[in-house]
$ cat run.tsv   # TSV, C-alpha atoms
chain	number	residue	atom	x	y	z
I	84	MET	CA	9.11	15.10	17.85
I	85	TRP	CA	5.40	15.60	18.50
I	86	ALA	CA	5.14	11.99	19.70
I	87	ALA	CA	8.18	12.38	21.96
I	88	CYS	CA	6.79	15.56	23.50
I	89	GLY	CA	3.43	13.90	24.09
I	90	ALA	CA	5.01	10.84	25.70
I	91	GLY	CA	7.17	13.04	27.90
I	92	PHE	CA	4.19	15.08	29.04
I	93	ALA	CA	2.18	11.94	29.80
I	94	ALA	CA	5.04	10.52	31.88
I	95	ALA	CA	5.48	13.81	33.73
I	96	SER	CA	1.74	13.98	34.39
I	97	ALA	CA	1.87	10.47	35.85
I	98	LEU	CA	4.48	11.62	38.35
I	99	VAL	CA	2.43	14.56	39.63
I	100	PRO	CA	-0.03	12.61	41.85
I	101	ALA	CA	2.82	10.45	43.10
I	102	GLN	CA	4.87	13.47	44.11
I	103	LEU	CA	1.92	14.73	46.13
I	104	VAL	CA	1.78	11.46	48.07
I	105	LEU	CA	5.44	10.60	48.54
I	106	SER	CA	7.95	12.28	50.73
I	107	ALA	CA	10.87	14.08	49.12
I	108	ASP	CA	13.44	11.45	50.11
I	109	SER	CA	11.59	8.55	48.43
I	110	SER	CA	9.95	10.14	45.39
I	111	HIS	CA	13.01	9.54	43.21
I	112	ARG	CA	12.52	5.76	43.47
I	113	LEU	CA	9.16	5.96	41.70
I	114	ALA	CA	10.55	8.27	39.03
I	115	ASP	CA	13.34	5.79	38.34
I	116	MET	CA	10.76	3.01	37.87
I	117	LEU	CA	8.54	5.00	35.49
I	118	PHE	CA	11.28	6.42	33.31
I	119	ALA	CA	12.88	2.99	32.97
I	120	LEU	CA	9.80	2.21	30.77
I	121	ARG	CA	9.27	-1.19	32.39
I	122	LEU	CA	7.57	-2.57	35.47
I	123	PRO	CA	9.83	-3.22	38.45
I	124	ALA	CA	10.60	-6.76	39.57
I	125	PRO	CA	7.98	-8.32	41.88
I	126	GLY	CA	10.52	-8.46	44.65
I	127	ARG	CA	11.12	-4.75	44.38
I	128	LEU	CA	7.41	-4.05	44.62
I	129	LEU	CA	7.26	-6.00	47.88
I	130	ASP	CA	9.87	-3.67	49.32
I	131	LEU	CA	7.60	-0.65	48.84
I	132	ASP	CA	5.65	0.61	51.81
I	133	GLY	CA	1.96	1.52	51.73
I	134	ARG	CA	2.48	5.11	50.66
I	135	GLU	CA	4.84	4.13	47.87
I	136	LEU	CA	2.41	1.48	46.61
I	137	LEU	CA	-0.36	4.09	46.56
I	138	ALA	CA	1.87	6.49	44.61
I	139	PHE	CA	2.82	3.75	42.16
I	140	SER	CA	-0.86	2.87	41.63
I	141	LEU	CA	-1.77	6.50	41.03
I	142	SER	CA	1.00	6.84	38.44
I	143	LEU	CA	-0.10	3.69	36.62
I	144	PHE	CA	-3.68	4.95	36.60
I	145	ALA	CA	-2.57	8.29	35.15
I	146	LEU	CA	-0.63	6.49	32.43
I	147	SER	CA	-3.54	4.17	31.68
I	148	VAL	CA	-5.87	7.04	30.73
I	149	PRO	CA	-4.06	7.99	27.48
I	150	ALA	CA	-3.23	4.32	26.85
I	151	VAL	CA	-6.91	3.34	27.02
I	152	ALA	CA	-7.87	6.29	24.81
I	153	PHE	CA	-5.27	5.17	22.26
I	154	ALA	CA	-6.57	1.59	22.31
I	155	ARG	CA	-10.15	2.78	21.86
I	156	ARG	CA	-9.15	4.89	18.85
I	157	LEU	CA	-7.41	1.92	17.28
I	158	VAL	CA	-10.39	-0.39	17.83
I	159	ARG	CA	-12.88	2.14	16.49
I	160	ALA	CA	-10.77	2.88	13.41
I	161	ARG	CA	-10.21	-0.83	12.75
I	162	ARG	CA	-13.94	-1.46	12.93
I	163	LEU	CA	-14.64	1.30	10.39
I	164	ARG	CA	-11.90	0.07	8.04
I	165	SER	CA	-13.11	-3.54	8.27
I	166	ARG	CA	-16.65	-2.46	7.46
I	167	HIS	CA	-15.47	-0.45	4.45
I	168	ALA	CA	-13.22	-3.30	3.30
I	169	GLY	CA	-16.26	-5.58	3.31
I	170	VAL	CA	-18.11	-3.14	1.06
I	171	LEU	CA	-15.11	-2.94	-1.29
I	172	ARG	CA	-15.08	-6.71	-1.65
I	173	LEU	CA	-18.64	-6.49	-2.95
I	174	VAL	CA	-18.50	-3.45	-5.22
I	175	GLY	CA	-14.81	-3.10	-6.10
I	176	ARG	CA	-12.55	-5.10	-8.37
I	177	TYR	CA	-8.86	-5.79	-7.89
I	178	ASP	CA	-6.56	-4.60	-10.67
I	179	PRO	CA	-3.29	-6.62	-10.64
I	180	ALA	CA	-1.55	-4.06	-12.84
I	181	LEU	CA	-2.22	-1.26	-10.36
I	182	ARG	CA	-2.08	-3.57	-7.32
I	183	ALA	CA	-5.12	-1.69	-6.08
I	184	THR	CA	-8.88	-2.03	-5.80
I	185	VAL	CA	-10.76	-0.07	-8.44
I	186	LEU	CA	-14.08	1.43	-7.38
I	187	ASP	CA	-16.59	2.62	-9.98
I	188	ASP	CA	-16.96	6.33	-9.27
I	189	ASP	CA	-16.61	9.26	-11.66
I	190	ARG	CA	-15.01	11.44	-8.99
I	191	PRO	CA	-11.18	11.12	-8.98
I	192	ALA	CA	-10.00	9.71	-5.66
I	193	VAL	CA	-7.09	7.61	-4.41
I	194	TYR	CA	-6.92	6.46	-0.79
I	195	CYS	CA	-5.71	3.59	1.33
I	196	LEU	CA	-6.98	1.52	4.22
I	197	PRO	CA	-4.08	0.79	6.60
I	198	GLY	CA	-3.87	-1.88	9.27
I	199	ARG	CA	-5.17	-5.43	8.85
I	200	SER	CA	-7.53	-4.40	6.05
I	201	ARG	CA	-4.74	-2.62	4.20
I	202	ARG	CA	-5.36	-1.95	0.56
I	203	VAL	CA	-5.10	0.92	-1.89
I	204	VAL	CA	-8.34	2.07	-3.52
I	205	VAL	CA	-8.57	3.96	-6.81
I	206	SER	CA	-11.76	5.32	-8.30
I	207	SER	CA	-12.46	4.78	-11.98
I	208	GLY	CA	-12.56	8.56	-12.31
I	209	ALA	CA	-8.95	8.75	-11.12
I	210	VAL	CA	-7.89	6.04	-13.58
I	211	HIS	CA	-9.44	8.00	-16.46
I	212	THR	CA	-8.34	11.46	-15.27
I	213	LEU	CA	-4.74	10.90	-14.18
I	214	THR	CA	-1.86	10.19	-16.49
I	215	PRO	CA	0.16	7.02	-15.83
I	216	ALA	CA	2.87	9.11	-14.15
I	217	GLN	CA	0.36	10.90	-11.91
I	218	LEU	CA	-1.41	7.68	-11.00
I	219	ALA	CA	1.91	6.02	-10.13
I	220	ALA	CA	2.78	8.98	-7.88
I	221	ALA	CA	-0.57	8.83	-6.07
I	222	LEU	CA	-0.25	5.07	-5.55
I	223	ALA	CA	3.29	5.47	-4.21
I	224	HIS	CA	2.00	8.09	-1.75
I	225	GLU	CA	-0.68	5.75	-0.42
I	226	ARG	CA	1.67	2.79	-0.12
I	227	ALA	CA	4.00	5.00	1.91
I	228	HIS	CA	1.19	5.47	4.45
I	229	ILE	CA	0.70	1.72	4.71
I	230	ALA	CA	4.41	0.90	4.96
I	231	GLY	CA	4.99	3.58	7.60
I	232	ARG	CA	2.01	2.48	9.73
I	233	HIS	CA	0.96	6.10	9.90
I	234	HIS	CA	-2.46	5.19	11.29
I	235	LEU	CA	-0.83	4.40	14.64
I	236	LEU	CA	0.63	7.90	14.97
I	237	VAL	CA	-2.66	9.49	13.96
I	238	ALA	CA	-4.50	7.44	16.59
I	239	ALA	CA	-1.92	8.43	19.22
I	240	ALA	CA	-2.27	12.14	18.36
I	241	GLU	CA	-6.07	11.95	18.44
I	242	ALA	CA	-6.05	10.10	21.76
I	243	PHE	CA	-3.64	12.61	23.30
I	244	ALA	CA	-5.82	15.50	22.11
I	245	ALA	CA	-8.92	13.82	23.55
I	246	VAL	CA	-7.33	13.24	26.96
I	247	PHE	CA	-5.79	16.74	27.19
I	248	PRO	CA	-8.20	18.89	25.15
I	249	HIS	CA	-7.09	22.20	26.70
I	250	LEU	CA	-3.36	21.57	26.36
I	251	PRO	CA	-1.80	23.54	23.45
I	252	LEU	CA	0.65	20.69	22.82
I	253	ALA	CA	-2.24	18.26	22.31
I	254	ARG	CA	-4.47	20.69	20.44
I	255	HIS	CA	-1.84	21.72	17.91
I	256	GLY	CA	-0.35	18.24	17.68
I	257	GLY	CA	-3.72	16.77	16.77
I	258	SER	CA	-3.74	18.83	13.57
I	259	ALA	CA	0.01	18.94	12.90
I	260	VAL	CA	0.69	15.19	13.03
I	261	PRO	CA	-1.69	14.20	10.17
I	262	LEU	CA	-0.28	16.98	7.98
I	263	LEU	CA	3.31	15.96	8.72
I	264	LEU	CA	2.48	12.35	7.90
I	265	GLU	CA	1.05	13.43	4.55
I	266	MET	CA	4.30	15.29	3.88
I	267	ALA	CA	6.31	12.24	4.92
I	268	ALA	CA	4.32	10.12	2.45
I	269	ASP	CA	4.96	12.74	-0.23
I	270	ASP	CA	8.70	12.57	0.42
I	271	ARG	CA	8.70	8.80	0.18
I	272	ALA	CA	6.72	8.89	-3.06
I	273	LEU	CA	9.29	11.32	-4.50
I	274	ARG	CA	11.88	8.56	-4.25
I	275	ARG	CA	10.09	6.96	-7.20
I	276	CYS	CA	8.33	9.78	-9.03
I	277	THR	CA	9.03	13.33	-10.17
I	278	ARG	CA	7.81	16.41	-8.33
I	279	ASP	CA	5.66	17.49	-11.26
I	280	ALA	CA	3.89	14.13	-11.40
I	281	LEU	CA	3.07	14.15	-7.68
I	282	ALA	CA	2.06	17.82	-7.56
I	283	THR	CA	-0.29	17.55	-10.53
I	284	ALA	CA	-1.76	14.36	-9.08
I	285	LEU	CA	-2.48	16.19	-5.84
I	286	TYR	CA	-4.14	18.99	-7.82
I	287	ALA	CA	-6.39	16.54	-9.65
I	288	LEU	CA	-7.28	14.69	-6.44
I	289	ALA	CA	-7.69	17.75	-4.19
I	290	SER	CA	-11.48	17.53	-4.21
I	291	GLY	CA	-11.60	13.75	-3.78
I	292	ARG	CA	-13.14	12.22	-0.69
I	293	ALA	CA	-12.18	9.22	1.40
I	294	PRO	CA	-13.94	7.31	4.18
I	295	ARG	CA	-13.09	7.96	7.80
I	296	SER	CA	-9.93	6.25	9.10
I	297	ALA	CA	-8.45	6.24	5.59
I	298	PHE	CA	-5.58	8.25	4.10
I	299	ALA	CA	-6.35	10.15	0.90
I	300	ALA	CA	-3.80	11.45	-1.58
I	301	GLY	CA	-5.77	14.68	-1.99
I	302	GLY	CA	-7.79	16.38	0.70
I	303	PRO	CA	-7.70	19.84	2.28
I	304	SER	CA	-3.91	19.85	2.72
I	305	ALA	CA	-3.23	19.27	-0.98
I	306	ALA	CA	-2.61	22.95	-1.80
I	307	LEU	CA	-0.04	23.37	0.97
I	308	ARG	CA	1.72	20.16	0.03
I	309	MET	CA	1.76	21.08	-3.66
I	310	ARG	CA	3.48	24.37	-2.84
I	311	ARG	CA	5.99	22.54	-0.66
I	312	ILE	CA	6.75	19.97	-3.36
I	313	LEU	CA	7.17	22.51	-6.16
I	314	THR	CA	9.28	24.98	-4.17
I	315	ARG	CA	11.89	22.44	-3.15
I	316	THR	CA	15.20	23.52	-4.68
I	317	ALA	CA	16.99	20.15	-4.63
I	318	PRO	CA	17.20	18.60	-8.12
I	319	ASP	CA	15.03	15.55	-8.61
I	320	ILE	CA	16.79	12.83	-10.61
I	321	ARG	CA	14.69	9.91	-9.41
I	322	HIS	CA	11.97	8.63	-11.68
I	323	CYS	CA	9.42	5.88	-11.64
I	324	ALA	CA	8.33	3.80	-14.58
I	325	GLY	CA	6.30	6.01	-16.86
I	326	CYS	CA	7.09	9.26	-14.94

$ encode --input "run.tsv" --output "structure tokens"
Amino acid sequence: MWAACGAGFAAASALVPAQLVLSADSSHRLADMLFALRLPAPGRLLDLDGRELLAFSLSLFALSVPAVAFARRLVRARRLRSRHAGVLRLVGRYDPALRATVLDDDRPAVYCLPGRSRRVVVSSGAVHTLTPAQLAAALAHERAHIAGRHHLLVAAAEAFAAVFPHLPLARHGGSAVPLLLEMAADDRALRRCTRDALATALYALASGRAPRSAFAAGGPSAALRMRRILTRTAPDIRHCAGC
């Protein structure tokens, strides 16, 4: 819903400069083109007069601003993840049983790198601190982020907030979308693990840290998500191996 509202606002903002240029009897033609979500046929563009071409160019420029911001966020995040993945190849070791990279660190942490460098990372502190059920829940949470391509929605929310910093929709969406994605990953993990296993894993990992552009099972939203998980009234009959 946040993404739909942001896309609708961006499309409406693209129409504003065009409406200022076009006359009332021809402005609907441009709106039809933009809301069709595709470029018009070349022949149709040739039928536009000078004012309509100017309006169409202004609308495309307005749409390109958030699109360029989104692309820049993706490129920057990919660069950070690739750099961190290179470090992990040097200092981490892959555990086939966990299907994750284990990093020697006494602090309990579980996080994932989405995108092309996708992998789940577990600290040795988390392996020693968490029970098998808790560790399975944390790993399921991180794999849900990767499978859902949540990094794309986070980049879109951040780009929208950067382009429209004074817009309440963008300001609140920039903080709401990451939290909602964490909750979505929790819900997907609960398909395999019990609520107690996931909630206690979040408690153990609440103070853990993750690099930028990564998703961490713990983090500052862990307390809110724990309360949400434990106060759900629906019975949980789904279990994972060892939960």

$ residues_around --input "run.tsv" --residues "Leu173 (chain I)" --least-positions-apart "4" --cutoff "12 Å" --atoms "only C-alpha atoms" --output "list in words"
Arg166, His167, Ala168, Gly169, Tyr177, Thr184, Val185, Leu186 and Asp187 of chain I

$ residues_near_point --input "run.tsv" --point "(-5.1, -4.4, 8.7)" --cutoff "10 Å" --atoms "all atoms listed in the file" --output "PyMOL selection string"
chain I and resi 161+164-165+168+196-202+229+232

$ write_last_selection --input "run.tsv" --atoms "C-alpha atoms" --output "PDB file, in the coordinates of the input"
ATOM      1  CA  ARG I 161     -10.210  -0.830  12.750  1.00  0.00           C
ATOM      2  CA  ARG I 164     -11.900   0.070   8.040  1.00  0.00           C
ATOM      3  CA  SER I 165     -13.110  -3.540   8.270  1.00  0.00           C
ATOM      4  CA  ALA I 168     -13.220  -3.300   3.300  1.00  0.00           C
ATOM      5  CA  LEU I 196      -6.980   1.520   4.220  1.00  0.00           C
ATOM      6  CA  PRO I 197      -4.080   0.790   6.600  1.00  0.00           C
ATOM      7  CA  GLY I 198      -3.870  -1.880   9.270  1.00  0.00           C
ATOM      8  CA  ARG I 199      -5.170  -5.430   8.850  1.00  0.00           C
ATOM      9  CA  SER I 200      -7.530  -4.400   6.050  1.00  0.00           C
ATOM     10  CA  ARG I 201      -4.740  -2.620   4.200  1.00  0.00           C
ATOM     11  CA  ARG I 202      -5.360  -1.950   0.560  1.00  0.00           C
ATOM     12  CA  ILE I 229       0.700   1.720   4.710  1.00  0.00           C
ATOM     13  CA  ARG I 232       2.010   2.480   9.730  1.00  0.00           C
TER      14      ARG I 232
END

$ atom_distance --input "run.tsv" --atom1 "CA of Ala223 (chain I)" --atom2 "CA of Pro294 (chain I)"
19.3 Å

$ atom_distance --input "run.tsv" --atom1 "CA of Leu236 (chain I)" --atom2 "CA of Asp279 (chain I)"
28.4 Å

$ residues_around --input "run.tsv" --residues "Phe298 (chain I)" --least-positions-apart "2" --cutoff "7 Å" --atoms "only C-alpha atoms" --output "list in words"
Tyr194, Cys195, Leu196, Ser296 and Ala300 of chain I

$ atom_distance --input "run.tsv" --atom1 "CA of Leu264 (chain I)" --atom2 "CA of His233 (chain I)"
6.7 Å

$ closest_residue --input "run.tsv" --among "I:Pro248, I:Gly91, I:Gly301, I:Pro191" --to "Glu225 (chain I)" --atoms "only C-alpha atoms"
I:Gly301

$ closest_residue --input "run.tsv" --among "I:Ala306, I:Ala253, I:Ala299, I:Ala227" --to "Ala267 (chain I)" --atoms "all atoms listed in the file"
I:Ala227

$ residues_around --input "run.tsv" --residues "Gly208 (chain I)" --least-positions-apart "2" --cutoff "12 Å" --atoms "all atoms listed in the file" --output "ChimeraX atom specification"
/I:185-193,204-206,210-214,218,287-288,291

$ closest_residue --input "run.tsv" --among "I:Ala216, I:Val237, I:Val174, I:Ala242" --to "Val148 (chain I)" --atoms "all atoms listed in the file"
I:Ala242

$ closest_residue --input "run.tsv" --among "I:Leu307, I:Ala90, I:Cys276, I:Leu137" --to "Leu103 (chain I)" --atoms "all atoms listed in the file"
I:Leu137

$ closest_residue --input "run.tsv" --among "I:Ala160, I:Ala101, I:Met309, I:Ala289" --to "Leu235 (chain I)" --atoms "only C-alpha atoms"
I:Ala160

$ residues_around --input "run.tsv" --residues "Phe247 (chain I)" --least-positions-apart "3" --cutoff "12 Å" --atoms "only C-alpha atoms" --output "tab-separated table (two decimals) with C-alpha atoms, keeping the file's coordinate frame"
chain	number	residue	atom	x	y	z
I	89	GLY	CA	3.43	13.90	24.09
I	92	PHE	CA	4.19	15.08	29.04
I	93	ALA	CA	2.18	11.94	29.80
I	96	SER	CA	1.74	13.98	34.39
I	148	VAL	CA	-5.87	7.04	30.73
I	149	PRO	CA	-4.06	7.99	27.48
I	152	ALA	CA	-7.87	6.29	24.81
I	240	ALA	CA	-2.27	12.14	18.36
I	241	GLU	CA	-6.07	11.95	18.44
I	242	ALA	CA	-6.05	10.10	21.76
I	243	PHE	CA	-3.64	12.61	23.30
I	244	ALA	CA	-5.82	15.50	22.11
I	250	LEU	CA	-3.36	21.57	26.36
I	251	PRO	CA	-1.80	23.54	23.45
I	252	LEU	CA	0.65	20.69	22.82
I	253	ALA	CA	-2.24	18.26	22.31
I	254	ARG	CA	-4.47	20.69	20.44
I	255	HIS	CA	-1.84	21.72	17.91
I	256	GLY	CA	-0.35	18.24	17.68
I	257	GLY	CA	-3.72	16.77	16.77

$ closest_residue --input "run.tsv" --among "I:Ala87, I:Leu263, I:Ala220, I:Val246" --to "Arg275 (chain I)" --atoms "all atoms listed in the file"
I:Ala220
